[in-house]
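data_31.txt follows (compact mmCIF, N, CA and C atoms):
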# COMPACT_ATOMS: atom_id res chain seq x y z
N MET A 1 6.21 4.58 22.99
CA MET A 1 5.86 3.54 22.04
C MET A 1 6.39 3.91 20.66
N SER A 2 6.78 2.94 19.90
CA SER A 2 7.34 3.14 18.57
C SER A 2 6.30 3.68 17.60
N ASP A 3 6.78 4.35 16.55
CA ASP A 3 5.88 4.82 15.50
C ASP A 3 5.43 3.69 14.60
N ARG A 4 6.11 2.56 14.65
CA ARG A 4 5.76 1.44 13.79
C ARG A 4 4.44 0.83 14.25
N ARG A 5 3.52 0.65 13.32
CA ARG A 5 2.20 0.11 13.63
C ARG A 5 2.31 -1.38 13.95
N MET A 6 1.68 -1.79 15.02
CA MET A 6 1.73 -3.18 15.47
C MET A 6 0.55 -3.96 14.92
N SER A 7 0.54 -4.17 13.63
CA SER A 7 -0.50 -4.94 12.97
C SER A 7 -0.11 -6.42 12.95
N ARG A 8 -1.05 -7.27 12.60
CA ARG A 8 -0.75 -8.70 12.48
C ARG A 8 0.42 -8.92 11.51
N THR A 9 0.38 -8.24 10.40
CA THR A 9 1.43 -8.40 9.39
C THR A 9 2.79 -7.97 9.92
N ALA A 10 2.82 -6.84 10.62
CA ALA A 10 4.08 -6.34 11.16
C ALA A 10 4.60 -7.26 12.26
N VAL A 11 3.72 -7.72 13.14
CA VAL A 11 4.13 -8.62 14.21
C VAL A 11 4.68 -9.91 13.62
N ARG A 12 3.97 -10.48 12.64
CA ARG A 12 4.42 -11.72 11.99
C ARG A 12 5.79 -11.53 11.34
N ALA A 13 5.98 -10.41 10.65
CA ALA A 13 7.27 -10.14 9.98
C ALA A 13 8.40 -10.06 11.00
N VAL A 14 8.16 -9.39 12.12
CA VAL A 14 9.20 -9.27 13.16
C VAL A 14 9.52 -10.65 13.74
N LEU A 15 8.49 -11.44 14.01
CA LEU A 15 8.72 -12.77 14.58
C LEU A 15 9.43 -13.69 13.60
N VAL A 16 9.06 -13.66 12.33
CA VAL A 16 9.73 -14.50 11.33
C VAL A 16 11.19 -14.09 11.21
N ASP A 17 11.45 -12.80 11.17
CA ASP A 17 12.84 -12.33 11.11
C ASP A 17 13.62 -12.77 12.34
N ALA A 18 12.98 -12.71 13.50
CA ALA A 18 13.64 -13.12 14.74
C ALA A 18 13.95 -14.62 14.73
N VAL A 19 13.02 -15.42 14.21
CA VAL A 19 13.27 -16.86 14.08
C VAL A 19 14.47 -17.09 13.18
N ARG A 20 14.55 -16.38 12.09
CA ARG A 20 15.68 -16.53 11.17
C ARG A 20 17.00 -16.13 11.83
N GLU A 21 16.95 -15.14 12.71
CA GLU A 21 18.16 -14.72 13.45
C GLU A 21 18.56 -15.81 14.45
N LEU A 22 17.57 -16.36 15.14
CA LEU A 22 17.84 -17.39 16.14
C LEU A 22 18.26 -18.71 15.50
N LYS A 23 17.69 -19.00 14.35
CA LYS A 23 17.94 -20.27 13.66
C LYS A 23 18.37 -19.98 12.22
N PRO A 24 19.65 -19.69 12.02
CA PRO A 24 20.15 -19.32 10.68
C PRO A 24 19.86 -20.35 9.60
N GLU A 25 19.63 -21.59 9.97
CA GLU A 25 19.32 -22.62 8.97
C GLU A 25 17.99 -22.34 8.27
N PHE A 26 17.17 -21.46 8.83
CA PHE A 26 15.90 -21.10 8.20
C PHE A 26 15.97 -19.79 7.43
N ALA A 27 17.14 -19.20 7.35
CA ALA A 27 17.31 -17.88 6.72
C ALA A 27 16.84 -17.84 5.27
N GLU A 28 17.06 -18.89 4.54
CA GLU A 28 16.71 -18.90 3.13
C GLU A 28 15.36 -19.56 2.83
N LEU A 29 14.71 -20.07 3.85
CA LEU A 29 13.43 -20.74 3.65
C LEU A 29 12.27 -19.76 3.76
N ALA A 30 11.25 -19.99 2.99
CA ALA A 30 10.03 -19.18 3.08
C ALA A 30 9.19 -19.72 4.23
N LEU A 31 9.22 -19.02 5.34
CA LEU A 31 8.42 -19.44 6.49
C LEU A 31 7.01 -18.87 6.36
N THR A 32 6.03 -19.74 6.50
CA THR A 32 4.63 -19.32 6.34
C THR A 32 4.02 -18.82 7.65
N GLY A 33 4.64 -19.21 8.75
CA GLY A 33 4.06 -18.89 10.05
C GLY A 33 3.28 -20.06 10.61
N ASP A 34 3.08 -21.09 9.80
CA ASP A 34 2.34 -22.27 10.24
C ASP A 34 3.26 -23.38 10.76
N GLU A 35 4.55 -23.14 10.73
CA GLU A 35 5.50 -24.13 11.24
C GLU A 35 5.40 -24.20 12.77
N HIS A 36 5.47 -25.41 13.30
CA HIS A 36 5.41 -25.61 14.75
C HIS A 36 6.67 -25.05 15.37
N LEU A 37 6.50 -24.20 16.39
CA LEU A 37 7.63 -23.51 17.01
C LEU A 37 8.68 -24.45 17.57
N SER A 38 8.26 -25.51 18.24
CA SER A 38 9.27 -26.41 18.80
C SER A 38 9.58 -27.59 17.88
N ALA A 39 8.56 -28.25 17.37
CA ALA A 39 8.79 -29.45 16.57
C ALA A 39 9.50 -29.16 15.25
N GLU A 40 9.09 -28.13 14.55
CA GLU A 40 9.67 -27.84 13.24
C GLU A 40 10.78 -26.79 13.28
N LEU A 41 10.64 -25.80 14.17
CA LEU A 41 11.62 -24.72 14.22
C LEU A 41 12.64 -24.90 15.34
N GLY A 42 12.39 -25.82 16.25
CA GLY A 42 13.33 -26.10 17.32
C GLY A 42 13.48 -24.99 18.34
N LEU A 43 12.42 -24.23 18.57
CA LEU A 43 12.48 -23.13 19.55
C LEU A 43 12.04 -23.62 20.92
N ASP A 44 12.93 -23.51 21.89
CA ASP A 44 12.59 -23.87 23.26
C ASP A 44 12.05 -22.64 23.99
N SER A 45 11.80 -22.77 25.28
CA SER A 45 11.22 -21.66 26.03
C SER A 45 12.15 -20.45 26.08
N VAL A 46 13.45 -20.67 26.11
CA VAL A 46 14.41 -19.56 26.12
C VAL A 46 14.32 -18.80 24.79
N ALA A 47 14.22 -19.51 23.69
CA ALA A 47 14.10 -18.86 22.37
C ALA A 47 12.79 -18.08 22.28
N ARG A 48 11.74 -18.58 22.89
CA ARG A 48 10.46 -17.86 22.87
C ARG A 48 10.57 -16.54 23.64
N VAL A 49 11.31 -16.55 24.74
CA VAL A 49 11.53 -15.32 25.48
C VAL A 49 12.34 -14.35 24.61
N GLU A 50 13.28 -14.87 23.85
CA GLU A 50 14.05 -14.01 22.95
C GLU A 50 13.14 -13.39 21.89
N LEU A 51 12.15 -14.13 21.42
CA LEU A 51 11.17 -13.57 20.48
C LEU A 51 10.43 -12.40 21.13
N LEU A 52 10.05 -12.58 22.38
CA LEU A 52 9.36 -11.52 23.12
C LEU A 52 10.23 -10.27 23.20
N VAL A 53 11.50 -10.44 23.53
CA VAL A 53 12.42 -9.30 23.66
C VAL A 53 12.54 -8.56 22.33
N VAL A 54 12.68 -9.30 21.25
CA VAL A 54 12.78 -8.68 19.91
C VAL A 54 11.51 -7.90 19.61
N LEU A 55 10.36 -8.48 19.88
CA LEU A 55 9.09 -7.82 19.63
C LEU A 55 8.97 -6.54 20.46
N GLU A 56 9.32 -6.63 21.73
CA GLU A 56 9.25 -5.45 22.60
C GLU A 56 10.17 -4.33 22.10
N GLU A 57 11.38 -4.70 21.71
CA GLU A 57 12.32 -3.69 21.23
C GLU A 57 11.87 -3.09 19.91
N GLU A 58 11.38 -3.91 19.01
CA GLU A 58 10.97 -3.43 17.69
C GLU A 58 9.82 -2.44 17.78
N PHE A 59 8.87 -2.71 18.67
CA PHE A 59 7.69 -1.87 18.76
C PHE A 59 7.71 -0.90 19.94
N GLY A 60 8.79 -0.93 20.71
CA GLY A 60 8.89 -0.03 21.86
C GLY A 60 7.83 -0.28 22.90
N ILE A 61 7.58 -1.55 23.18
CA ILE A 61 6.50 -1.91 24.11
C ILE A 61 7.03 -2.71 25.30
N GLU A 62 8.21 -2.40 25.75
CA GLU A 62 8.79 -3.13 26.87
C GLU A 62 7.80 -3.21 28.01
N ASP A 63 7.67 -4.41 28.55
CA ASP A 63 6.80 -4.69 29.70
C ASP A 63 5.30 -4.54 29.40
N GLU A 64 4.92 -4.44 28.14
CA GLU A 64 3.50 -4.33 27.81
C GLU A 64 2.89 -5.64 27.35
N VAL A 65 3.72 -6.59 26.92
CA VAL A 65 3.22 -7.88 26.45
C VAL A 65 3.46 -8.90 27.54
N ASP A 66 2.43 -9.62 27.89
CA ASP A 66 2.53 -10.65 28.93
C ASP A 66 3.38 -11.81 28.39
N PRO A 67 4.51 -12.10 29.02
CA PRO A 67 5.40 -13.15 28.52
C PRO A 67 4.77 -14.54 28.52
N ARG A 68 3.74 -14.75 29.32
CA ARG A 68 3.09 -16.06 29.37
C ARG A 68 2.45 -16.44 28.03
N ILE A 69 2.05 -15.44 27.24
CA ILE A 69 1.40 -15.79 25.97
C ILE A 69 2.39 -16.36 24.96
N PHE A 70 3.68 -16.26 25.24
CA PHE A 70 4.67 -16.82 24.34
C PHE A 70 4.92 -18.30 24.59
N MET A 71 4.36 -18.86 25.64
CA MET A 71 4.66 -20.23 26.00
C MET A 71 3.69 -21.26 25.45
N THR A 72 2.48 -20.87 25.09
CA THR A 72 1.51 -21.89 24.67
C THR A 72 1.25 -22.00 23.17
N PRO A 73 1.26 -20.93 22.38
CA PRO A 73 0.94 -21.09 20.97
C PRO A 73 1.93 -22.03 20.27
N ALA A 74 1.40 -22.82 19.35
CA ALA A 74 2.22 -23.81 18.67
C ALA A 74 2.94 -23.26 17.44
N THR A 75 2.39 -22.21 16.81
CA THR A 75 2.97 -21.68 15.58
C THR A 75 3.17 -20.17 15.69
N ILE A 76 3.91 -19.61 14.75
CA ILE A 76 4.09 -18.16 14.71
C ILE A 76 2.74 -17.48 14.51
N ASN A 77 1.94 -18.01 13.59
CA ASN A 77 0.63 -17.39 13.33
C ASN A 77 -0.26 -17.42 14.57
N ALA A 78 -0.24 -18.53 15.31
CA ALA A 78 -1.02 -18.61 16.55
C ALA A 78 -0.49 -17.62 17.58
N LEU A 79 0.82 -17.46 17.63
CA LEU A 79 1.43 -16.50 18.54
C LEU A 79 1.02 -15.07 18.17
N VAL A 80 1.02 -14.77 16.88
CA VAL A 80 0.60 -13.45 16.42
C VAL A 80 -0.84 -13.18 16.87
N GLU A 81 -1.71 -14.14 16.69
CA GLU A 81 -3.10 -13.96 17.10
C GLU A 81 -3.21 -13.74 18.60
N GLN A 82 -2.45 -14.48 19.39
CA GLN A 82 -2.45 -14.29 20.84
C GLN A 82 -2.03 -12.87 21.20
N ILE A 83 -0.97 -12.39 20.56
CA ILE A 83 -0.45 -11.06 20.86
C ILE A 83 -1.47 -9.99 20.48
N VAL A 84 -2.01 -10.11 19.29
CA VAL A 84 -2.95 -9.10 18.80
C VAL A 84 -4.23 -9.10 19.62
N VAL A 85 -4.78 -10.25 19.91
CA VAL A 85 -6.02 -10.34 20.67
C VAL A 85 -5.77 -9.94 22.12
N THR A 86 -4.75 -10.49 22.73
CA THR A 86 -4.49 -10.24 24.14
C THR A 86 -4.13 -8.78 24.41
N GLU A 87 -3.34 -8.21 23.54
CA GLU A 87 -2.87 -6.85 23.77
C GLU A 87 -3.75 -5.80 23.12
N ASP A 88 -4.80 -6.25 22.40
CA ASP A 88 -5.75 -5.33 21.79
C ASP A 88 -5.06 -4.28 20.94
N VAL A 89 -4.21 -4.77 20.01
CA VAL A 89 -3.52 -3.88 19.09
C VAL A 89 -4.27 -3.80 17.78
N CYS A 90 -3.77 -2.99 16.88
CA CYS A 90 -4.43 -2.78 15.59
C CYS A 90 -4.52 -4.09 14.81
N PRO A 91 -5.66 -4.40 14.22
CA PRO A 91 -5.81 -5.63 13.42
C PRO A 91 -5.08 -5.54 12.10
Spit out the file's structure as structure tokens when you get a sec.
Amino acid sequence: MSDRRMSRTAVRAVLVDAVRELKPEFAELALTGDEHLSAELGLDSVARVELLVVLEEEFGIEDEVDPRIFMTPATINALVEQIVVTEDVCP
């Protein structure tokens, strides 16, 4: 496992950065995490899996996060809460 602490703030930062990588049109925008993943950010299920891969690589947690939790949350912030609660990581 990575030395980087998997807090809500760190998870959110990784996911926001990943969204900006996937969708360069959002690179200069201040994303709050409350944007709807599909309606506002245009992320489909494949992009959500890419978010999972980035998160796993960043924190060294390959195969530790259930990929199903990436399919239902509507926003980045909701996704962060799912990850933190489901995986019982540091608050």
- Message: Using only N, CA and C atoms, can you tell me which of A:Glu57, A:Ala39, A:Val49, A:Ala27 comes closest to Phe70 (chain A)?
- Response: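 Among A:Glu57, A:Ala39, A:Val49, A:Ala27, it is A:Val49 that comes nearest to Phe70 (chain A).
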- In Å to one decimal, how far is atom N of Ile76 (chain A) from atom N of His36 (chain A)?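 Atom-to-atom, atom N of His36 (chain A) and atom N of Ile76 (chain A) are spaced 6.2 Å apart.
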Find the spatial neighbours of Glu25 (chain A), counting only C-alpha atoms, within a cut-off of 12 Å - ignore same-chain residues fewer than 4 positions away - and output them as a PDB file with N, CA and C atoms, in the frame of the given file.
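Generated file (result.pdb):
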ATOM      1  N   VAL A  19      13.020 -15.420  14.210  1.00  0.00           N
ATOM      2  CA  VAL A  19      13.270 -16.860  14.080  1.00  0.00           C
ATOM      3  C   VAL A  19      14.470 -17.090  13.180  1.00  0.00           C
ATOM      4  N   ARG A  20      14.550 -16.380  12.090  1.00  0.00           N
ATOM      5  CA  ARG A  20      15.680 -16.530  11.170  1.00  0.00           C
ATOM      6  C   ARG A  20      17.000 -16.130  11.830  1.00  0.00           C
ATOM      7  N   GLU A  21      16.950 -15.140  12.710  1.00  0.00           N
ATOM      8  CA  GLU A  21      18.160 -14.720  13.450  1.00  0.00           C
ATOM      9  C   GLU A  21      18.560 -15.810  14.450  1.00  0.00           C
ATOM     10  N   LEU A  29      14.710 -20.070   3.850  1.00  0.00           N
ATOM     11  CA  LEU A  29      13.430 -20.740   3.650  1.00  0.00           C
ATOM     12  C   LEU A  29      12.270 -19.760   3.760  1.00  0.00           C
ATOM     13  N   ALA A  30      11.250 -19.990   2.990  1.00  0.00           N
ATOM     14  CA  ALA A  30      10.030 -19.180   3.080  1.00  0.00           C
ATOM     15  C   ALA A  30       9.190 -19.720   4.230  1.00  0.00           C
ATOM     16  N   LEU A  31       9.220 -19.020   5.340  1.00  0.00           N
ATOM     17  CA  LEU A  31       8.420 -19.440   6.490  1.00  0.00           C
ATOM     18  C   LEU A  31       7.010 -18.870   6.360  1.00  0.00           C
ATOM     19  N   GLU A  40       9.090 -28.130  14.550  1.00  0.00           N
ATOM     20  CA  GLU A  40       9.670 -27.840  13.240  1.00  0.00           C
ATOM     21  C   GLU A  40      10.780 -26.790  13.280  1.00  0.00           C
ATOM     22  N   LEU A  41      10.640 -25.800  14.170  1.00  0.00           N
ATOM     23  CA  LEU A  41      11.620 -24.720  14.220  1.00  0.00           C
ATOM     24  C   LEU A  41      12.640 -24.900  15.340  1.00  0.00           C
ATOM     25  N   GLY A  42      12.390 -25.820  16.250  1.00  0.00           N
ATOM     26  CA  GLY A  42      13.330 -26.100  17.320  1.00  0.00           C
ATOM     27  C   GLY A  42      13.480 -24.990  18.340  1.00  0.00           C
TER      28      GLY A  42
END
- Query: What is the CA of Glu35 (chain A) to atom C of Phe59 (chain A) distance in Å?
  - Reply: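 About the pair CA of Glu35 (chain A) and atom C of Phe59 (chain A): they are 24.9 Å apart.
Closest to Val14 (chain A) among A:Phe26, A:Ser45, A:Leu51, A:Gly33 is A:Leu51, based on all atoms listed in the file.
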- Task: For each of A:Leu22, A:Val54, A:Leu15, A:Met6, take the minimum atom-to-atom distance to Leu79 (chain A), counting only C-alpha atoms, then give the residue where this is smallest.
- Result: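 Looking at the shortest contact to Leu79 (chain A), the residue is A:Leu15.
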Give me, as a PDB file with N, CA and C atoms, keeping the file's coordinate frame, the residues of region 2-54 of chain A that a backbone DSSP run labels alpha helix (DSSP H).
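See selection_37.pdb below for the written result:
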ATOM      1  N   ARG A   8      -1.050  -7.270  12.600  1.00  0.00           N
ATOM      2  CA  ARG A   8      -0.750  -8.700  12.480  1.00  0.00           C
ATOM      3  C   ARG A   8       0.420  -8.920  11.510  1.00  0.00           C
ATOM      4  N   THR A   9       0.380  -8.240  10.400  1.00  0.00           N
ATOM      5  CA  THR A   9       1.430  -8.400   9.390  1.00  0.00           C
ATOM      6  C   THR A   9       2.790  -7.970   9.920  1.00  0.00           C
ATOM      7  N   ALA A  10       2.820  -6.840  10.620  1.00  0.00           N
ATOM      8  CA  ALA A  10       4.080  -6.340  11.160  1.00  0.00           C
ATOM      9  C   ALA A  10       4.600  -7.260  12.260  1.00  0.00           C
ATOM     10  N   VAL A  11       3.720  -7.720  13.140  1.00  0.00           N
ATOM     11  CA  VAL A  11       4.130  -8.620  14.210  1.00  0.00           C
ATOM     12  C   VAL A  11       4.680  -9.910  13.620  1.00  0.00           C
ATOM     13  N   ARG A  12       3.970 -10.480  12.640  1.00  0.00           N
ATOM     14  CA  ARG A  12       4.420 -11.720  11.990  1.00  0.00           C
ATOM     15  C   ARG A  12       5.790 -11.530  11.340  1.00  0.00           C
ATOM     16  N   ALA A  13       5.980 -10.410  10.650  1.00  0.00           N
ATOM     17  CA  ALA A  13       7.270 -10.140   9.980  1.00  0.00           C
ATOM     18  C   ALA A  13       8.400 -10.060  11.000  1.00  0.00           C
ATOM     19  N   VAL A  14       8.160  -9.390  12.120  1.00  0.00           N
ATOM     20  CA  VAL A  14       9.200  -9.270  13.160  1.00  0.00           C
ATOM     21  C   VAL A  14       9.520 -10.650  13.740  1.00  0.00           C
ATOM     22  N   LEU A  15       8.490 -11.440  14.010  1.00  0.00           N
ATOM     23  CA  LEU A  15       8.720 -12.770  14.580  1.00  0.00           C
ATOM     24  C   LEU A  15       9.430 -13.690  13.600  1.00  0.00           C
ATOM     25  N   VAL A  16       9.060 -13.660  12.330  1.00  0.00           N
ATOM     26  CA  VAL A  16       9.730 -14.500  11.330  1.00  0.00           C
ATOM     27  C   VAL A  16      11.190 -14.090  11.210  1.00  0.00           C
ATOM     28  N   ASP A  17      11.450 -12.800  11.170  1.00  0.00           N
ATOM     29  CA  ASP A  17      12.840 -12.330  11.110  1.00  0.00           C
ATOM     30  C   ASP A  17      13.620 -12.770  12.340  1.00  0.00           C
ATOM     31  N   ALA A  18      12.980 -12.710  13.500  1.00  0.00           N
ATOM     32  CA  ALA A  18      13.640 -13.120  14.740  1.00  0.00           C
ATOM     33  C   ALA A  18      13.950 -14.620  14.730  1.00  0.00           C
ATOM     34  N   VAL A  19      13.020 -15.420  14.210  1.00  0.00           N
ATOM     35  CA  VAL A  19      13.270 -16.860  14.080  1.00  0.00           C
ATOM     36  C   VAL A  19      14.470 -17.090  13.180  1.00  0.00           C
ATOM     37  N   ARG A  20      14.550 -16.380  12.090  1.00  0.00           N
ATOM     38  CA  ARG A  20      15.680 -16.530  11.170  1.00  0.00           C
ATOM     39  C   ARG A  20      17.000 -16.130  11.830  1.00  0.00           C
ATOM     40  N   GLU A  21      16.950 -15.140  12.710  1.00  0.00           N
ATOM     41  CA  GLU A  21      18.160 -14.720  13.450  1.00  0.00           C
ATOM     42  C   GLU A  21      18.560 -15.810  14.450  1.00  0.00           C
ATOM     43  N   LEU A  22      17.570 -16.360  15.140  1.00  0.00           N
ATOM     44  CA  LEU A  22      17.840 -17.390  16.140  1.00  0.00           C
ATOM     45  C   LEU A  22      18.260 -18.710  15.500  1.00  0.00           C
ATOM     46  N   SER A  45      11.800 -22.770  25.280  1.00  0.00           N
ATOM     47  CA  SER A  45      11.220 -21.660  26.030  1.00  0.00           C
ATOM     48  C   SER A  45      12.150 -20.450  26.080  1.00  0.00           C
ATOM     49  N   VAL A  46      13.450 -20.670  26.110  1.00  0.00           N
ATOM     50  CA  VAL A  46      14.410 -19.560  26.120  1.00  0.00           C
ATOM     51  C   VAL A  46      14.320 -18.800  24.790  1.00  0.00           C
ATOM     52  N   ALA A  47      14.220 -19.510  23.690  1.00  0.00           N
ATOM     53  CA  ALA A  47      14.100 -18.860  22.370  1.00  0.00           C
ATOM     54  C   ALA A  47      12.790 -18.080  22.280  1.00  0.00           C
ATOM     55  N   ARG A  48      11.740 -18.580  22.890  1.00  0.00           N
ATOM     56  CA  ARG A  48      10.460 -17.860  22.870  1.00  0.00           C
ATOM     57  C   ARG A  48      10.570 -16.540  23.640  1.00  0.00           C
ATOM     58  N   VAL A  49      11.310 -16.550  24.740  1.00  0.00           N
ATOM     59  CA  VAL A  49      11.530 -15.320  25.480  1.00  0.00           C
ATOM     60  C   VAL A  49      12.340 -14.350  24.610  1.00  0.00           C
ATOM     61  N   GLU A  50      13.280 -14.870  23.850  1.00  0.00           N
ATOM     62  CA  GLU A  50      14.050 -14.010  22.950  1.00  0.00           C
ATOM     63  C   GLU A  50      13.140 -13.390  21.890  1.00  0.00           C
ATOM     64  N   LEU A  51      12.150 -14.130  21.420  1.00  0.00           N
ATOM     65  CA  LEU A  51      11.170 -13.570  20.480  1.00  0.00           C
ATOM     66  C   LEU A  51      10.430 -12.400  21.130  1.00  0.00           C
ATOM     67  N   LEU A  52      10.050 -12.580  22.380  1.00  0.00           N
ATOM     68  CA  LEU A  52       9.360 -11.520  23.120  1.00  0.00           C
ATOM     69  C   LEU A  52      10.230 -10.270  23.200  1.00  0.00           C
ATOM     70  N   VAL A  53      11.500 -10.440  23.530  1.00  0.00           N
ATOM     71  CA  VAL A  53      12.420  -9.300  23.660  1.00  0.00           C
ATOM     72  C   VAL A  53      12.540  -8.560  22.330  1.00  0.00           C
ATOM     73  N   VAL A  54      12.680  -9.300  21.250  1.00  0.00           N
ATOM     74  CA  VAL A  54      12.780  -8.680  19.910  1.00  0.00           C
ATOM     75  C   VAL A  54      11.510  -7.900  19.610  1.00  0.00           C
TER      76      VAL A  54
END
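Residues within 7 Å of region 66-69 of chain A, counting all atoms listed in the file and excluding same-chain residues fewer than 4 positions away, are Leu52, Pro73, Leu79, Gln82 and Ile83 of chain A.
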- Item | For CA of Val46 (chain A) and atom C of Ala18 (chain A), the interatomic separation in Å (one decimal) | 12.4 Å
